[in-house]
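*Asks:* Quick one: structure below, then a few questions.
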Amino acid sequence: MHALNGKAQPQMIFVALGDTEAIGANCYFVKLDGTGLVLDVGVDPNEEGPESLPRFELIHRNPDWYIDHAIITHAHHDHIGALPVLLREFPHVLVHMTRVTRQLADLLLPASARLQRRRLQEGRSNYGPLFDEKQLEGYSYLYLTHEPGQDFNVTGLRGRSPVRARFYYAGHVLGAAGVLLTHEEDGRRQRVFYTSDTNLRAQAIIPGGDYPEEPVDVLILESTAGADPEAERTTRRLEEERFGEAVRRVLDRGGSVLVPAFALGRAQEVLAVIDRLKREKTLPADVPVYTAGTMRAVADLYDRTRFLTPRLDPSFEVFRVEQRRLPRRLEAVKQALAEAAIYVLSSGMMFERSLSNRMAQLLVEDERHAIFLVGFAREDSPAGQLLAAAEAGAEAIVLDKQRGPQPLRCEVARFRFSGHSHRRDLLRLVERLQPRHVILVHGDEDAREWMADNIRFFYPEVTVWLPRSGEPLEL
């Protein structure tokens, strides 16, 4: 594999259309023997408007590149949020996803359209919505659903050989899947596996992922936790126990705990942990738990599909955990804070004007309270900056630029409830799938470099690639 050099009829081309030096808009163009595919179509959560989109112009500019099919692995916005824009620019594309991911898309994409419109109306954004709800209704007929384990055809109109795809449960969030692409090359079957976001180990609700049994030729591997040595030194159970003890200490001193969480996946997993800790009497059974917004609708879908998708305990229902709705009015929220409680609110990275960010502004100046992070947070996100400030012993933190610095007095801690595999498990996946090539994606520069160095050390027969945004790689 090497940088594209003009050679005629390459068997495989890979191009990252989003940022590769940080976790942003996940979107990868793959051309397999004449068939054009994109794997995921996300937006960068740290950007707005056109700057948040994948670089679709690279496809438009190259007459030999085109998109026949889009394969969506799960419904997090950094993997699906630009799908309506893709369909507007490439209206002939057919879209493939799991059935549950389609249900989530029908919930989360309209919510995104409404949020973009509201941000413009409130003067919080200079950009109009990338799409609206009416457009989404017109695109939905293009969504084709497939159950994991089923082969489906993704051969393009100009494909020189058939291309088949198959989903595998990813163990990340509800509906998430990796995808195996199979095609013929010179009479030999070639196999490309894209892990997307993956987790080999069980969480609180969802079991670990499934993977191909046979070796693959190319492994497109996530590397989110590549720069996190602590994640491999602990276990999920130990983190849950540590979390329970920390929450109990805060409640005992009359404080409240904010748990910023992604609306899809992390919020439901945290509620399952709280449920167990209450049943085991680590936490008081009557401590109020507040939730709000889209995560409640997502929780309902978790419950409705509990017998249809992999679960550790299909009888568990997220809404079995008693929850109160977060009040809409600020004064009502302040009144609620007079009572010790747990607040599970999005977003997980505490982006400005999100519910978790607004609540953090209310808690951060009071030493009784705590903000406990439970998932990945980019260093440049408000959650990442808060954690760094607390670890450095800083006296102030800026959670909202318009408000400016606030005293940092509350307790801040991190608990590893990530839906991503830690880096040693990712190395084990390389060993298990025995690829000839590994393309490292979905990780910051340090994470991808650590993964690359260790794959080259432990598996010297494997060629490792760290693609740059827009840089074609040819097989």
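Simple scheme: letters A, B, ... for chains in structure tokens order, numbers from 1 for residues in each chain, numbers from 1 for ligands in the order shown.
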DSSP on the backbone: which residues in range 12-64 of chain A end up as strand (DSSP E)? Give the answer as a VMD selection string.

*Replies:* chain A and resid 12 to 16 28 to 32 35 to 39

*Asks:* Let me make sure I understand: among A:Arg119, A:Ala113, A:Leu180, A:Val173, which one has the smallest atom-to-atom distance to Asn199 in chain A if we use only C-alpha atoms?

*Replies:*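 Nearest to Asn199 in chain A: A:Val173.
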
*Asks:* Report as a short mmCIF file (atom, residue, chain, number, x, y, z; two decimals) with C-alpha atoms, in the first residue's frame all protein, DNA and RNA residues lying within 8 Å of Phe152 in chain A, evaluated on only C-alpha atoms, omitting residues in the same chain fewer than 4 positions from it.

*Replies:*
```cif
data_model
loop_
_atom_site.label_atom_id
_atom_site.label_comp_id
_atom_site.auth_asym_id
_atom_site.auth_seq_id
_atom_site.Cartn_x
_atom_site.Cartn_y
_atom_site.Cartn_z
CA HIS A 146 -29.56 -5.36 7.55
CA ARG A 164 -20.45 -8.03 -0.35
CA ALA A 165 -20.83 -6.53 3.11
CA ARG A 166 -21.72 -7.98 6.50
#
```

*Asks:* Where does range 134-186 of chain A meet range 290-313 of chain A within 12 Å, residue by residue, with the nearest atom pair and distance in Å to one decimal for each, counting only C-alpha atoms, listed by chain and rising number, as CSV?

*Replies:*
```
residue,atom,partner,partner_atom,distance
A:Glu147,CA,A:Thr309,CA,9.8
A:Pro148,CA,A:Thr309,CA,9.9
A:Tyr168,CA,A:Pro310,CA,11.4
A:Tyr169,CA,A:Pro310,CA,8.2
A:Ala170,CA,A:Pro310,CA,10.3
A:Gly171,CA,A:Pro310,CA,8.6
A:His172,CA,A:Pro310,CA,11.2
A:Val173,CA,A:Tyr302,CA,9.8
A:Leu174,CA,A:Tyr302,CA,7.0
A:Gly175,CA,A:Thr309,CA,7.6
A:Ala176,CA,A:Thr309,CA,10.3
A:Ala177,CA,A:Thr309,CA,11.5
```

*Asks:* Kindly save the residues from that selection, with N, CA and C atoms included, as a compact mmCIF listing (two decimals), in the first residue's frame.

*Replies:*
```txt
# COMPACT_ATOMS: atom_id res chain seq x y z
N GLU A 147 -29.52 -7.01 9.29
CA GLU A 147 -29.16 -7.53 10.60
C GLU A 147 -27.71 -8.01 10.59
N PRO A 148 -26.98 -7.87 11.68
CA PRO A 148 -25.63 -8.42 11.76
C PRO A 148 -25.63 -9.92 11.41
N TYR A 168 -21.19 -6.78 11.92
CA TYR A 168 -20.87 -7.52 13.14
C TYR A 168 -21.13 -6.60 14.33
N TYR A 169 -21.81 -7.10 15.35
CA TYR A 169 -22.06 -6.29 16.53
C TYR A 169 -20.74 -5.73 17.06
N ALA A 170 -20.73 -4.41 17.36
CA ALA A 170 -19.50 -3.73 17.75
C ALA A 170 -19.32 -3.61 19.25
N GLY A 171 -20.38 -3.82 20.05
CA GLY A 171 -20.26 -3.71 21.50
C GLY A 171 -20.07 -2.28 21.98
N HIS A 172 -20.42 -1.30 21.16
CA HIS A 172 -20.16 0.11 21.48
C HIS A 172 -21.40 0.79 22.06
N VAL A 173 -22.44 0.92 21.26
CA VAL A 173 -23.73 1.45 21.70
C VAL A 173 -24.82 0.64 21.00
N LEU A 174 -26.06 0.91 21.35
CA LEU A 174 -27.18 0.23 20.74
C LEU A 174 -27.12 0.37 19.21
N GLY A 175 -27.21 -0.76 18.51
CA GLY A 175 -27.24 -0.75 17.06
C GLY A 175 -25.89 -0.67 16.38
N ALA A 176 -24.82 -0.46 17.13
CA ALA A 176 -23.50 -0.24 16.52
C ALA A 176 -22.95 -1.53 15.92
N ALA A 177 -22.25 -1.39 14.80
CA ALA A 177 -21.70 -2.55 14.11
C ALA A 177 -20.41 -2.19 13.41
```

*Asks:* Can you list, as a tab-separated table (two decimals) with C-alpha atoms, in the first residue's frame, every protein, DNA or RNA residue that comes within 10 Å of range 429-443 of chain A when you count only C-alpha atoms, leaving out same-chain residues fewer than 6 positions away?

*Replies:*
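The file below, selection_35.tsv, is the result:
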```
chain	number	residue	atom	x	y	z
A	1	MET	CA	0.00	0.00	0.00
A	14	PHE	CA	-8.74	4.61	0.92
A	16	ALA	CA	-10.10	9.89	5.03
A	18	GLY	CA	-12.58	14.01	7.83
A	19	ASP	CA	-9.93	15.19	10.28
A	20	THR	CA	-7.39	12.47	11.08
A	21	GLU	CA	-5.39	14.30	13.77
A	22	ALA	CA	-8.33	14.38	16.19
A	23	ILE	CA	-11.68	12.67	16.60
A	24	GLY	CA	-13.97	14.67	14.37
A	25	ALA	CA	-16.05	13.97	11.27
A	26	ASN	CA	-15.61	10.25	10.70
A	27	CYS	CA	-16.00	9.55	6.99
A	28	TYR	CA	-13.85	7.26	4.86
A	191	ARG	CA	-11.45	-9.06	3.04
A	192	VAL	CA	-11.53	-5.55	4.53
A	193	PHE	CA	-12.87	-5.07	8.08
A	194	TYR	CA	-13.77	-1.65	9.50
A	195	THR	CA	-14.14	-1.83	13.28
A	196	SER	CA	-15.72	1.61	13.63
A	197	ASP	CA	-16.03	2.35	17.37
A	200	LEU	CA	-14.31	-6.16	23.07
A	211	TYR	CA	-15.66	-10.07	14.91
A	212	PRO	CA	-14.90	-12.13	11.78
A	213	GLU	CA	-13.62	-15.62	12.48
A	214	GLU	CA	-11.27	-15.72	9.49
A	215	PRO	CA	-8.23	-13.46	8.94
A	216	VAL	CA	-8.66	-10.22	7.01
A	217	ASP	CA	-6.40	-8.51	4.51
A	218	VAL	CA	-7.02	-4.92	5.59
A	219	LEU	CA	-8.10	-3.81	9.07
A	220	ILE	CA	-9.40	-0.24	9.43
A	221	LEU	CA	-8.96	0.11	13.18
A	222	GLU	CA	-10.14	2.74	15.65
A	223	SER	CA	-7.53	4.04	18.09
A	224	THR	CA	-9.52	6.26	20.49
A	225	ALA	CA	-7.83	4.98	23.67
A	226	GLY	CA	-4.36	4.61	22.19
A	227	ALA	CA	-2.92	7.38	24.37
A	421	SER	CA	-11.70	-0.86	23.73
A	423	ARG	CA	-5.32	-0.15	23.54
A	449	GLU	CA	1.29	6.86	17.02
A	451	MET	CA	-0.91	2.05	18.24
A	452	ALA	CA	1.34	2.19	15.18
A	455	ILE	CA	1.64	-2.99	16.12
A	458	PHE	CA	4.57	-6.98	18.14
A	459	TYR	CA	3.46	-7.79	14.59
A	461	GLU	CA	4.71	-8.59	9.35
A	462	VAL	CA	1.85	-6.04	9.38
A	463	THR	CA	2.11	-2.81	7.38
A	464	VAL	CA	0.64	0.08	9.37
A	465	TRP	CA	-0.77	3.28	7.87
A	466	LEU	CA	-1.64	6.60	9.50
A	467	PRO	CA	-3.59	8.37	6.76
A	468	ARG	CA	-3.82	12.14	6.55
A	473	LEU	CA	-3.76	5.38	-0.10
A	475	LEU	CA	-3.64	-1.06	-2.41
```

*Asks:* Any idea what's packed within 7 Å of range 366-375 of chain A, counting only C-alpha atoms, ignoring anything in its chain fewer than 6 positions away? Could you give it as number ranges by chain?

*Replies:* A: 250, 253-260, 348, 409-418

*Asks:* I need the chosen residues saved as a PDB file, in the first residue's frame, with N, CA and C atoms.

*Replies:*
```
ATOM      1  N   VAL A 250     -20.200  12.327  48.047  1.00  0.00           N
ATOM      2  CA  VAL A 250     -20.769  13.633  47.693  1.00  0.00           C
ATOM      3  C   VAL A 250     -22.168  13.779  48.269  1.00  0.00           C
ATOM      4  N   ARG A 253     -22.299  14.519  51.997  1.00  0.00           N
ATOM      5  CA  ARG A 253     -21.980  15.884  52.448  1.00  0.00           C
ATOM      6  C   ARG A 253     -23.007  16.901  51.946  1.00  0.00           C
ATOM      7  N   GLY A 254     -24.110  16.388  51.396  1.00  0.00           N
ATOM      8  CA  GLY A 254     -25.192  17.262  50.969  1.00  0.00           C
ATOM      9  C   GLY A 254     -25.041  17.829  49.580  1.00  0.00           C
ATOM     10  N   GLY A 255     -24.102  17.290  48.808  1.00  0.00           N
ATOM     11  CA  GLY A 255     -23.874  17.790  47.460  1.00  0.00           C
ATOM     12  C   GLY A 255     -24.595  16.985  46.407  1.00  0.00           C
ATOM     13  N   SER A 256     -24.546  17.483  45.188  1.00  0.00           N
ATOM     14  CA  SER A 256     -25.115  16.791  44.032  1.00  0.00           C
ATOM     15  C   SER A 256     -24.008  16.439  43.056  1.00  0.00           C
ATOM     16  N   VAL A 257     -24.258  15.429  42.241  1.00  0.00           N
ATOM     17  CA  VAL A 257     -23.283  14.934  41.275  1.00  0.00           C
ATOM     18  C   VAL A 257     -23.816  15.134  39.867  1.00  0.00           C
ATOM     19  N   LEU A 258     -23.032  15.788  39.023  1.00  0.00           N
ATOM     20  CA  LEU A 258     -23.323  15.883  37.595  1.00  0.00           C
ATOM     21  C   LEU A 258     -22.505  14.836  36.863  1.00  0.00           C
ATOM     22  N   VAL A 259     -23.191  14.029  36.056  1.00  0.00           N
ATOM     23  CA  VAL A 259     -22.510  13.047  35.208  1.00  0.00           C
ATOM     24  C   VAL A 259     -22.782  13.431  33.757  1.00  0.00           C
ATOM     25  N   PRO A 260     -21.888  14.177  33.113  1.00  0.00           N
ATOM     26  CA  PRO A 260     -22.072  14.481  31.689  1.00  0.00           C
ATOM     27  C   PRO A 260     -21.969  13.186  30.877  1.00  0.00           C
ATOM     28  N   GLY A 348     -21.700  14.678  26.680  1.00  0.00           N
ATOM     29  CA  GLY A 348     -20.622  14.094  27.448  1.00  0.00           C
ATOM     30  C   GLY A 348     -19.380  14.959  27.511  1.00  0.00           C
ATOM     31  N   ARG A 409     -14.186  25.036  42.485  1.00  0.00           N
ATOM     32  CA  ARG A 409     -14.186  24.539  43.859  1.00  0.00           C
ATOM     33  C   ARG A 409     -14.794  23.148  43.987  1.00  0.00           C
ATOM     34  N   CYS A 410     -15.597  22.730  43.038  1.00  0.00           N
ATOM     35  CA  CYS A 410     -16.260  21.424  43.159  1.00  0.00           C
ATOM     36  C   CYS A 410     -15.258  20.298  42.915  1.00  0.00           C
ATOM     37  N   GLU A 411     -15.631  19.102  43.303  1.00  0.00           N
ATOM     38  CA  GLU A 411     -14.808  17.921  43.047  1.00  0.00           C
ATOM     39  C   GLU A 411     -14.952  17.524  41.577  1.00  0.00           C
ATOM     40  N   VAL A 412     -13.840  17.170  40.968  1.00  0.00           N
ATOM     41  CA  VAL A 412     -13.844  16.707  39.579  1.00  0.00           C
ATOM     42  C   VAL A 412     -13.073  15.394  39.515  1.00  0.00           C
ATOM     43  N   ALA A 413     -13.660  14.399  38.874  1.00  0.00           N
ATOM     44  CA  ALA A 413     -12.970  13.107  38.749  1.00  0.00           C
ATOM     45  C   ALA A 413     -13.390  12.444  37.450  1.00  0.00           C
ATOM     46  N   ARG A 414     -12.578  11.500  37.038  1.00  0.00           N
ATOM     47  CA  ARG A 414     -12.852  10.747  35.814  1.00  0.00           C
ATOM     48  C   ARG A 414     -12.986   9.267  36.140  1.00  0.00           C
ATOM     49  N   PHE A 415     -13.991   8.640  35.528  1.00  0.00           N
ATOM     50  CA  PHE A 415     -14.212   7.207  35.674  1.00  0.00           C
ATOM     51  C   PHE A 415     -14.311   6.606  34.279  1.00  0.00           C
ATOM     52  N   ARG A 416     -13.635   5.506  34.074  1.00  0.00           N
ATOM     53  CA  ARG A 416     -13.533   4.948  32.723  1.00  0.00           C
ATOM     54  C   ARG A 416     -14.677   3.978  32.440  1.00  0.00           C
ATOM     55  N   PHE A 417     -15.784   4.560  31.954  1.00  0.00           N
ATOM     56  CA  PHE A 417     -16.922   3.768  31.496  1.00  0.00           C
ATOM     57  C   PHE A 417     -16.987   3.807  29.970  1.00  0.00           C
ATOM     58  N   SER A 418     -15.869   3.898  29.343  1.00  0.00           N
ATOM     59  CA  SER A 418     -15.834   4.118  27.898  1.00  0.00           C
ATOM     60  C   SER A 418     -16.481   2.971  27.132  1.00  0.00           C
TER      61      SER A 418
END
```

*Asks:* Pick out the residues sitting within 6 Å of range 356-359 of chain A, and hand them over as a list in words; count only C-alpha atoms, and ignore anything fewer than 3 positions along from it in its own chain.

*Replies:*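 Near range 356-359 of chain A, the qualifying residues are Pro260, Leu345, Ser346, Ser347, Met350, Glu352 and Leu362 of chain A.
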
*Asks:* Next, write the just-selected residues to a file, as a CSV table (one decimal), in the first residue's frame, keeping C-alpha atoms as the atom set.

*Replies:*
```
chain,number,residue,atom,x,y,z
A,260,PRO,CA,-22.1,14.5,31.7
A,345,LEU,CA,-27.2,15.1,31.3
A,346,SER,CA,-25.8,15.5,27.8
A,347,SER,CA,-23.4,16.3,26.3
A,350,MET,CA,-20.0,19.5,28.0
A,352,GLU,CA,-21.1,25.2,25.5
A,362,LEU,CA,-24.2,26.0,38.6
```

*Asks:* Within 8 Å of Gln116 in chain A, counting only C-alpha atoms, which residues show up once you throw out same-chain ones fewer than 2 positions away? Write them as a PyMOL selection string, please.

*Replies:* chain A and resi 112-114+118-120+128-130

*Asks:* Keeping only C-alpha atoms, write the selected residues as a PDB file, in the first residue's frame.

*Replies:*
```
ATOM      1  CA  SER A 112     -30.047  17.758  15.326  1.00  0.00           C
ATOM      2  CA  ALA A 113     -31.966  19.801  12.728  1.00  0.00           C
ATOM      3  CA  ARG A 114     -34.056  21.429  15.460  1.00  0.00           C
ATOM      4  CA  ARG A 118     -32.559  26.994  17.507  1.00  0.00           C
ATOM      5  CA  ARG A 119     -28.873  27.918  17.757  1.00  0.00           C
ATOM      6  CA  LEU A 120     -29.254  30.232  14.754  1.00  0.00           C
ATOM      7  CA  GLY A 128     -28.037  28.066   9.082  1.00  0.00           C
ATOM      8  CA  PRO A 129     -29.022  24.415   9.602  1.00  0.00           C
ATOM      9  CA  LEU A 130     -27.215  21.919   7.383  1.00  0.00           C
TER      10      LEU A 130
END
```

*Asks:* Calculate how many Å separate CA of Val321 in chain A from CA of Leu277 in chain A, rounding to one decimal.

*Replies:* 11.0 Å

*Asks:* Quick check, in Å to one decimal: how far apart do CA of Leu87 in chain A and CA of Gly123 in chain A lie?

*Replies:*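 Computing the Euclidean distance for CA of Leu87 in chain A and CA of Gly123 in chain A yields 27.9 Å.
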
*Asks:* For Leu58 in chain A, which residue out of A:Glu471, A:Glu331, A:Asp380, A:Glu239 is the nearest one, using only C-alpha atoms?

*Replies:*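 Under the stated criterion, the closest residue is A:Glu471.
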
*Asks:* Restricting the calculation to only C-alpha atoms: of A:Lys134, A:Arg99, A:Arg249, A:Arg158, which residue gets closest to Leu37 in chain A?

*Replies:*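 Between A:Lys134, A:Arg99, A:Arg249, A:Arg158, the residue approaching Leu37 in chain A most closely is A:Arg158.
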
*Asks:* Rank A:Leu264, A:Leu86, A:Asp286, A:Thr182 by their smallest atom-to-atom distance to Ala105 in chain A, using only C-alpha atoms, and report the top residue only.

*Replies:*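 Looking at the shortest contact to Ala105 in chain A, the residue is A:Leu264.
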
*Asks:* As a list of chain:residue names, which residues of range 213-260 of chain A does DSSP assign to alpha helix (DSSP H)?

*Replies:*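 Reading the DSSP output for range 213-260 of chain A, alpha helix (DSSP H) covers A:Arg236, A:Arg237, A:Leu238, A:Glu239, A:Glu240, A:Glu241, A:Arg242, A:Phe243, A:Gly244, A:Glu245, A:Ala246, A:Val247, A:Arg248, A:Arg249, A:Val250, A:Leu251, A:Asp252.
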
*Asks:* Between CA of Asp425 in chain A and CA of Asp453 in chain A, what is the distance, to one decimal in Å?

*Replies:* 15.2 Å

*Asks:* Using only C-alpha atoms, can you tell me which of A:Glu339, A:Gly393, A:Arg124, A:Phe319 comes closest to Ser354 in chain A?

*Replies:* A:Arg124

*Asks:* Check the smallest atom-to-atom distance from each of A:Gly42, A:Pro207, A:Gly159, A:Pro288 to Ala75 in chain A using only C-alpha atoms, then report the winner.

*Replies:* A:Gly42
